[in-house]
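**Student:** model_9.txt is reproduced below (compact mmCIF, C-alpha atoms and all ligand atoms).
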```txt
# COMPACT_ATOMS: atom_id res chain seq x y z
CA MET A 875 27.12 -38.22 33.10
CA ALA A 876 29.28 -35.62 34.87
CA SER A 877 30.68 -33.84 31.82
CA GLN A 878 27.23 -33.60 30.20
CA ASP A 879 25.80 -32.14 33.40
CA GLN A 880 28.39 -29.40 33.39
CA ILE A 881 27.81 -28.46 29.75
CA SER A 882 24.08 -28.36 30.41
CA LEU A 883 24.58 -25.94 33.29
CA PHE A 884 26.49 -23.54 31.09
CA GLU A 885 23.78 -23.72 28.42
CA LEU A 886 21.05 -23.25 30.99
CA PHE A 887 22.48 -19.98 32.25
CA SER A 888 23.93 -18.52 29.09
CA PRO A 889 24.23 -14.68 29.26
CA SER A 890 21.08 -14.30 27.14
CA SER A 891 18.84 -16.32 29.50
CA GLU A 892 16.13 -14.54 31.54
CA PRO A 893 16.80 -14.20 35.30
CA SER A 894 13.61 -15.70 36.78
CA PRO A 895 12.72 -18.34 35.90
CA PRO A 896 15.40 -19.00 33.28
CA GLU A 897 13.78 -19.91 29.99
CA GLY A 898 13.88 -23.61 29.30
CA PHE A 899 14.71 -24.31 32.94
CA ASN A 900 14.98 -28.03 33.40
CA PRO A 901 15.58 -29.28 36.95
CA ASP A 902 16.75 -32.61 35.52
CA LEU A 903 19.91 -30.84 34.41
CA ILE A 904 20.97 -30.00 37.97
CA PRO A 905 23.90 -32.21 38.97
CA THR A 906 22.33 -34.17 41.81
CA ASP A 907 25.63 -35.90 42.48
CA ALA A 908 27.47 -33.64 44.90
CA LYS A 909 30.76 -34.86 43.41
CA VAL A 910 29.94 -33.00 40.18
CA PRO A 911 31.21 -29.49 40.90
CA ILE A 912 29.30 -26.30 40.20
CA PRO A 913 31.73 -24.55 37.88
CA ALA A 914 32.73 -20.93 38.51
CA GLY A 915 30.73 -18.74 36.13
CA THR A 916 27.61 -20.92 36.17
CA TYR A 917 25.37 -18.06 37.33
CA GLN A 918 24.96 -14.55 36.03
CA THR A 919 22.53 -13.51 38.77
CA MET A 920 21.52 -14.50 42.30
CA GLU A 921 18.00 -15.02 40.98
CA GLN A 922 19.25 -17.80 38.72
CA MET A 923 20.95 -19.36 41.72
CA ARG A 924 17.78 -19.03 43.82
CA VAL A 925 15.72 -20.87 41.20
CA HIS A 926 18.41 -23.52 40.90
CA CYS A 927 18.84 -24.02 44.68
CA ASN A 928 15.10 -24.51 45.09
CA GLN A 929 15.39 -27.52 42.77
CA CYS A 930 18.66 -28.81 44.25
CA PHE A 931 19.06 -32.27 45.76
CA ARG A 932 22.83 -32.41 45.89
CA CYS A 933 22.39 -33.41 49.54
CA ALA A 934 19.47 -34.68 51.62
CA LEU A 935 18.71 -31.22 53.13
CA GLY A 936 16.66 -30.46 50.01
CA GLU A 937 14.10 -33.06 51.04
CA ASN A 938 12.77 -31.03 53.99
CA ARG A 939 13.17 -27.52 52.66
CA THR A 940 10.31 -25.03 52.37
CA ASN A 941 12.59 -22.45 50.73
CA ALA A 942 16.24 -22.47 49.86
CA VAL A 943 17.80 -19.44 51.56
CA ILE A 944 20.14 -17.58 49.23
CA GLY A 945 20.86 -14.11 50.57
CA ARG A 946 19.65 -10.65 51.48
CA GLY A 947 21.15 -7.20 51.17
CA ASN A 948 23.00 -5.57 48.31
CA VAL A 949 24.37 -7.98 45.69
CA LYS A 950 27.14 -5.43 45.03
CA ALA A 951 27.93 -4.71 48.70
CA PRO A 952 31.53 -4.17 49.87
CA ILE A 953 30.93 -6.49 52.85
CA MET A 954 29.66 -10.08 52.76
CA ILE A 955 28.54 -11.81 55.95
CA VAL A 956 28.51 -15.60 55.93
CA GLY A 957 26.47 -17.52 58.51
CA GLU A 958 26.02 -21.21 59.09
CA GLY A 959 22.64 -22.29 57.75
CA PRO A 960 18.96 -21.38 57.80
CA GLY A 961 16.79 -21.88 60.87
CA GLN A 962 13.01 -22.21 60.91
CA ASN A 963 12.25 -18.51 60.23
CA GLU A 964 14.71 -18.47 57.37
CA ASP A 965 13.33 -21.69 55.86
CA GLU A 966 9.82 -20.21 55.99
CA THR A 967 10.72 -16.83 54.50
CA GLY A 968 13.58 -17.80 52.19
CA LEU A 969 15.69 -15.00 53.72
CA PRO A 970 18.80 -15.41 55.91
CA PHE A 971 19.12 -14.08 59.45
CA VAL A 972 15.52 -12.96 59.98
CA GLY A 973 15.02 -14.59 63.42
CA LYS A 974 16.38 -13.39 66.78
CA ALA A 975 20.02 -13.88 65.77
CA GLY A 976 19.36 -11.91 62.59
CA GLN A 977 17.74 -9.05 64.49
CA LEU A 978 20.80 -8.86 66.70
CA LEU A 979 23.07 -8.94 63.64
CA ASP A 980 21.15 -5.99 62.15
CA LYS A 981 21.55 -4.07 65.43
CA ILE A 982 25.28 -4.76 65.50
CA LEU A 983 25.59 -3.47 61.94
CA ALA A 984 23.45 -0.42 62.66
CA SER A 985 25.64 0.42 65.67
CA VAL A 986 28.39 1.38 63.20
CA LYS A 987 25.96 2.76 60.61
CA LEU A 988 26.11 -0.21 58.27
CA THR A 989 22.84 -0.81 56.41
CA GLU A 990 21.50 -3.45 54.01
CA ASN A 991 23.11 -1.41 51.29
CA ASP A 992 26.58 -2.05 52.73
CA VAL A 993 26.24 -5.80 53.26
CA TYR A 994 25.20 -8.99 51.53
CA ILE A 995 24.21 -11.72 54.02
CA CYS A 996 24.22 -15.44 53.19
CA ASN A 997 25.03 -18.86 54.65
CA VAL A 998 27.33 -21.83 54.19
CA VAL A 999 24.37 -24.16 53.51
CA LYS A 1000 21.26 -22.94 51.74
CA CYS A 1001 18.73 -25.40 53.20
CA ARG A 1002 17.75 -25.84 56.84
CA PRO A 1003 19.44 -28.68 58.73
CA PRO A 1004 16.67 -30.55 60.60
CA GLY A 1005 16.16 -29.42 64.19
CA ASN A 1006 18.84 -26.75 63.65
CA ARG A 1007 21.61 -29.32 63.93
CA ASP A 1008 25.09 -28.46 62.65
CA PRO A 1009 25.59 -28.88 58.91
CA GLN A 1010 27.51 -32.06 58.10
CA PRO A 1011 30.75 -32.03 56.08
CA ALA A 1012 29.10 -33.68 53.03
CA GLU A 1013 26.29 -31.07 53.09
CA ILE A 1014 28.80 -28.23 53.30
CA GLU A 1015 30.80 -29.71 50.44
CA ALA A 1016 27.67 -30.17 48.29
CA CYS A 1017 26.69 -26.51 48.83
CA LYS A 1018 30.13 -24.88 48.71
CA GLY A 1019 29.98 -24.19 44.97
CA TYR A 1020 26.94 -21.94 45.51
CA LEU A 1021 28.77 -19.94 48.18
CA LEU A 1022 31.81 -19.53 45.94
CA GLU A 1023 29.54 -18.31 43.15
CA GLN A 1024 28.01 -15.79 45.56
CA ILE A 1025 31.45 -14.48 46.43
CA ARG A 1026 32.31 -14.20 42.73
CA LEU A 1027 29.06 -12.35 41.92
CA VAL A 1028 29.11 -9.94 44.89
CA ASN A 1029 32.89 -9.47 44.74
CA PRO A 1030 33.11 -8.07 48.30
CA LYS A 1031 36.22 -6.43 49.69
CA ILE A 1032 35.50 -7.78 53.17
CA ILE A 1033 34.01 -11.13 54.21
CA LEU A 1034 32.87 -11.60 57.82
CA LEU A 1035 32.70 -15.23 58.88
CA THR A 1036 30.21 -15.78 61.68
CA GLY A 1037 31.09 -18.88 63.62
CA LYS A 1038 33.18 -21.97 63.01
CA TYR A 1039 31.50 -23.41 59.89
CA ALA A 1040 31.92 -20.26 57.83
CA MET A 1041 35.53 -20.03 59.01
CA LEU A 1042 36.25 -23.67 58.25
CA THR A 1043 34.55 -23.64 54.85
CA LEU A 1044 36.20 -20.52 53.47
CA LEU A 1045 39.54 -20.39 55.29
CA GLY A 1046 40.05 -23.98 56.41
CA ILE A 1047 40.73 -22.69 59.94
CA LYS A 1048 39.98 -25.32 62.57
CA GLN A 1049 40.97 -23.25 65.63
CA GLY A 1050 38.28 -22.12 68.03
CA ILE A 1051 36.55 -18.89 67.07
CA THR A 1052 37.56 -17.25 70.38
CA LYS A 1053 41.24 -17.57 69.35
CA VAL A 1054 40.93 -16.07 65.88
CA ARG A 1055 37.98 -13.66 65.99
CA GLY A 1056 38.79 -10.10 65.16
CA GLN A 1057 41.87 -10.99 63.11
CA TRP A 1058 42.15 -10.06 59.43
CA VAL A 1059 43.15 -12.82 57.03
CA GLU A 1060 44.01 -11.81 53.46
CA ARG A 1061 43.14 -14.34 50.73
CA ASP A 1062 42.81 -13.86 46.99
CA GLY A 1063 42.66 -10.09 47.29
CA ARG A 1064 39.91 -10.08 49.93
CA LEU A 1065 40.00 -9.43 53.67
CA TYR A 1066 38.30 -12.04 55.85
CA MET A 1067 37.51 -11.66 59.53
CA PRO A 1068 36.08 -14.42 61.74
CA ILE A 1069 33.56 -13.02 64.24
CA PHE A 1070 31.26 -14.54 66.84
CA HIS A 1071 27.96 -15.93 65.60
CA PRO A 1072 25.10 -13.67 66.79
CA ALA A 1073 23.32 -16.74 68.24
CA TYR A 1074 26.33 -17.18 70.54
CA LEU A 1075 25.96 -13.57 71.68
CA LEU A 1076 22.30 -14.20 72.47
CA ARG A 1077 23.41 -16.94 74.86
CA ASN A 1078 26.05 -14.66 76.46
CA GLN A 1079 24.34 -11.45 77.44
CA SER A 1080 27.12 -9.83 79.52
CA ARG A 1081 28.47 -6.54 78.16
CA GLU A 1082 31.45 -6.42 80.49
CA LYS A 1083 34.89 -5.72 79.11
CA GLY A 1084 36.23 -8.94 77.57
CA SER A 1085 32.79 -10.56 77.20
CA PRO A 1086 31.70 -11.90 73.76
CA LYS A 1087 29.39 -8.89 73.22
CA TRP A 1088 32.15 -6.47 74.14
CA LEU A 1089 34.56 -8.26 71.79
CA MET A 1090 31.99 -8.11 68.97
CA TRP A 1091 31.72 -4.37 69.51
CA GLN A 1092 35.51 -4.07 69.08
CA ASP A 1093 35.40 -6.22 65.94
CA ILE A 1094 32.58 -4.37 64.22
CA GLN A 1095 34.25 -1.03 64.89
CA GLU A 1096 37.42 -2.41 63.30
CA VAL A 1097 35.37 -3.51 60.26
CA ARG A 1098 33.85 -0.03 59.94
CA LYS A 1099 37.30 1.53 60.18
CA LYS A 1100 38.72 -0.79 57.50
CA LEU A 1101 35.82 -0.10 55.14
CA ASP A 1102 36.27 3.65 55.57
CA GLU A 1103 39.99 3.36 54.84
CA MET A 1104 39.30 1.29 51.73
CA GLU A 1105 36.71 3.72 50.44
CA TRP A 1106 39.13 6.57 51.14
CA ASP A 1107 41.74 4.73 49.04
CA GLY A 1108 39.16 4.65 46.27
N1 LIG B 1201 21.86 -18.53 61.73
C1 LIG B 1201 22.59 -18.61 60.61
O1 LIG B 1201 23.74 -18.98 60.64
N2 LIG B 1201 22.02 -18.26 59.48
C2 LIG B 1201 20.78 -17.83 59.40
O2 LIG B 1201 20.34 -17.53 58.30
C3 LIG B 1201 20.04 -17.74 60.59
C4 LIG B 1201 20.59 -18.10 61.75
```
As structure tokens - that is how I would like this structure written.
Ligand code: URA

**Tutor:**
Amino acid sequence: MASQDQISLFELFSPSSEPSPPEGFNPDLIPTDAKVPIPAGTYQTMEQMRVHCNQCFRCALGENRTNAVIGRGNVKAPIMIVGEGPGQNEDETGLPFVGKAGQLLDKILASVKLTENDVYICNVVKCRPPGNRDPQPAEIEACKGYLLEQIRLVNPKIILLTGKYAMLTLLGIKQGITKVRGQWVERDGRLYMPIFHPAYLLRNQSREKGSPKWLMWQDIQEVRKKLDEMEWDG
């Protein structure tokens, strides 16, 4: 029953429970019905979420997963980067953005001296869509509670949304990414910026003025500038 499921989740991850694996962990208590929400405050740590997501069948993506992909980087970082969903490399390693797109993302960050200490990287859906297809609305909805918990736990000042699914899920923006990339959107005390997905940049190699790579370079410099201003403000 829905209400019982929710109470069980709170009991499962009470502040006194051990991070990994939580004592008394019982996968039967996970709300398999995606209509049962994951309440804010369910998790005290990402490790609890990782254990939980690896037992999750709120949507069918769980059936083919090797590893649920939760996040990498600093869980207290000022910047969160949200991608779409794991690919094959990510499914195998359990870490987001470790394939070619991820290597490019790391280079983009390094170009403005941002390291893994400055960012926390995660995805809209935690399990790999088969054949790297787009995540479906019901899968995004089933997984959204985990992403919102990640935002609550990391509490970033800046959230970079790579591509249309991250933008749609967290801001409800349906416009094309080319129209809105590079623009700051303030919501609930955080600054969001839609940016191109690194996989898109891999398909568009030109560095000419106005090209996707050139635009990304403008955007990441703007992010660096904003972070510096914020840190200056204390
Ligand atoms: N693309 C994504 O959106 N996320 C990953 O983790 C890897 C590739």

**Student:** Can I get the residues close to ligand LIG 1201 (chain B) as a compact mmCIF listing (two decimals) with C-alpha atoms, in the coordinates of the input, where close means within 8 Å and we count all atoms listed in the file?

**Tutor:**
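The resulting file, part-v4.txt, is reproduced below:
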```txt
# COMPACT_ATOMS: atom_id res chain seq x y z
CA VAL A 943 17.80 -19.44 51.56
CA VAL A 956 28.51 -15.60 55.93
CA GLY A 957 26.47 -17.52 58.51
CA GLU A 958 26.02 -21.21 59.09
CA GLY A 959 22.64 -22.29 57.75
CA PRO A 960 18.96 -21.38 57.80
CA GLY A 961 16.79 -21.88 60.87
CA ASN A 963 12.25 -18.51 60.23
CA GLU A 964 14.71 -18.47 57.37
CA LEU A 969 15.69 -15.00 53.72
CA PRO A 970 18.80 -15.41 55.91
CA PHE A 971 19.12 -14.08 59.45
CA VAL A 972 15.52 -12.96 59.98
CA GLY A 973 15.02 -14.59 63.42
CA ALA A 975 20.02 -13.88 65.77
CA GLY A 976 19.36 -11.91 62.59
CA CYS A 996 24.22 -15.44 53.19
CA ASN A 997 25.03 -18.86 54.65
CA VAL A 998 27.33 -21.83 54.19
CA THR A 1036 30.21 -15.78 61.68
CA GLY A 1037 31.09 -18.88 63.62
CA HIS A 1071 27.96 -15.93 65.60
CA PRO A 1072 25.10 -13.67 66.79
CA ALA A 1073 23.32 -16.74 68.24
```

**Student:** How far is it from CA of Ile1032 (chain A) to CA of Ile1051 (chain A), in Å with one decimal?

**Tutor:** 17.8 Å

**Student:** Could you jot down the CA of Lys1083 (chain A) to CA of Ile982 (chain A) separation for me, Å, one decimal place?

**Tutor:**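 Distance reported for this atom pair: 16.7 Å.
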
**Student:** For a quick check of understanding, using all atoms listed in the file, which of A:Gly1005, A:Pro911, A:Pro1030, A:Pro1086 has the smallest distance to Arg1064 (chain A)?

**Tutor:**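 Nearest candidate to Arg1064 (chain A) out of A:Gly1005, A:Pro911, A:Pro1030, A:Pro1086: A:Pro1030.
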
**Student:** Would you mind reading off the distance between CA of Asp907 (chain A) and CA of Thr967 (chain A), one decimal, in Å?

**Tutor:**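 Interatomic distance here is 27.0 Å.
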
**Student:** Excluding Leu1101 (chain A) and any residue of its chain fewer than 6 positions from it, enumerate the residues within 12 Å of it, using only C-alpha atoms, and give them as an mmCIF file with C-alpha atoms, in the frame of the given file.

**Tutor:**
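Result file part-v8.cif:
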```cif
data_model
loop_
_atom_site.group_PDB
_atom_site.id
_atom_site.type_symbol
_atom_site.label_atom_id
_atom_site.label_comp_id
_atom_site.auth_asym_id
_atom_site.auth_seq_id
_atom_site.Cartn_x
_atom_site.Cartn_y
_atom_site.Cartn_z
ATOM 1 C CA ALA A 951 27.930 -4.710 48.700
ATOM 2 C CA PRO A 952 31.530 -4.170 49.870
ATOM 3 C CA ILE A 953 30.930 -6.490 52.850
ATOM 4 C CA MET A 954 29.660 -10.080 52.760
ATOM 5 C CA VAL A 986 28.390 1.380 63.200
ATOM 6 C CA LYS A 987 25.960 2.760 60.610
ATOM 7 C CA LEU A 988 26.110 -0.210 58.270
ATOM 8 C CA ASP A 992 26.580 -2.050 52.730
ATOM 9 C CA VAL A 993 26.240 -5.800 53.260
ATOM 10 C CA PRO A 1030 33.110 -8.070 48.300
ATOM 11 C CA LYS A 1031 36.220 -6.430 49.690
ATOM 12 C CA ILE A 1032 35.500 -7.780 53.170
ATOM 13 C CA ILE A 1033 34.010 -11.130 54.210
ATOM 14 C CA ARG A 1064 39.910 -10.080 49.930
ATOM 15 C CA LEU A 1065 40.000 -9.430 53.670
ATOM 16 C CA ILE A 1094 32.580 -4.370 64.220
ATOM 17 C CA GLN A 1095 34.250 -1.030 64.890
ATOM 18 C CA ASP A 1107 41.740 4.730 49.040
ATOM 19 C CA GLY A 1108 39.160 4.650 46.270
#
```

**Student:** Rank A:Gly1056, A:Ile955, A:Val1097, A:Asn991 by their smallest atom-to-atom distance to Leu1021 (chain A), using only C-alpha atoms, and report the top residue only.

**Tutor:** A:Ile955

**Student:** Measuring atom to atom with all atoms listed in the file, identify which of A:Leu1089, A:Arg924, A:Gln1079, A:Glu937 is nearest to Pro1004 (chain A).

**Tutor:**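 Distance minimum relative to Pro1004 (chain A) lands on A:Glu937.
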
**Student:** Around all listed atoms of region 1093-1098 of chain A, padded 4 Å per side, what centre and edge lengths does the axis-aligned box have in Å to one decimal, as lines of an AutoDock Vina configuration file?

**Tutor:**
```
center_x = 35.0
center_y = -3.1
center_z = 62.9
size_x = 12.8
size_y = 14.2
size_z = 14.0
```

**Student:** Do you know which residues are at most 9 Å from Gln1057 (chain A) counting only C-alpha atoms, after dropping those on the same chain fewer than 6 positions away, and could you put them as number ranges by chain?

**Tutor:** A: 1066-1069, 1093
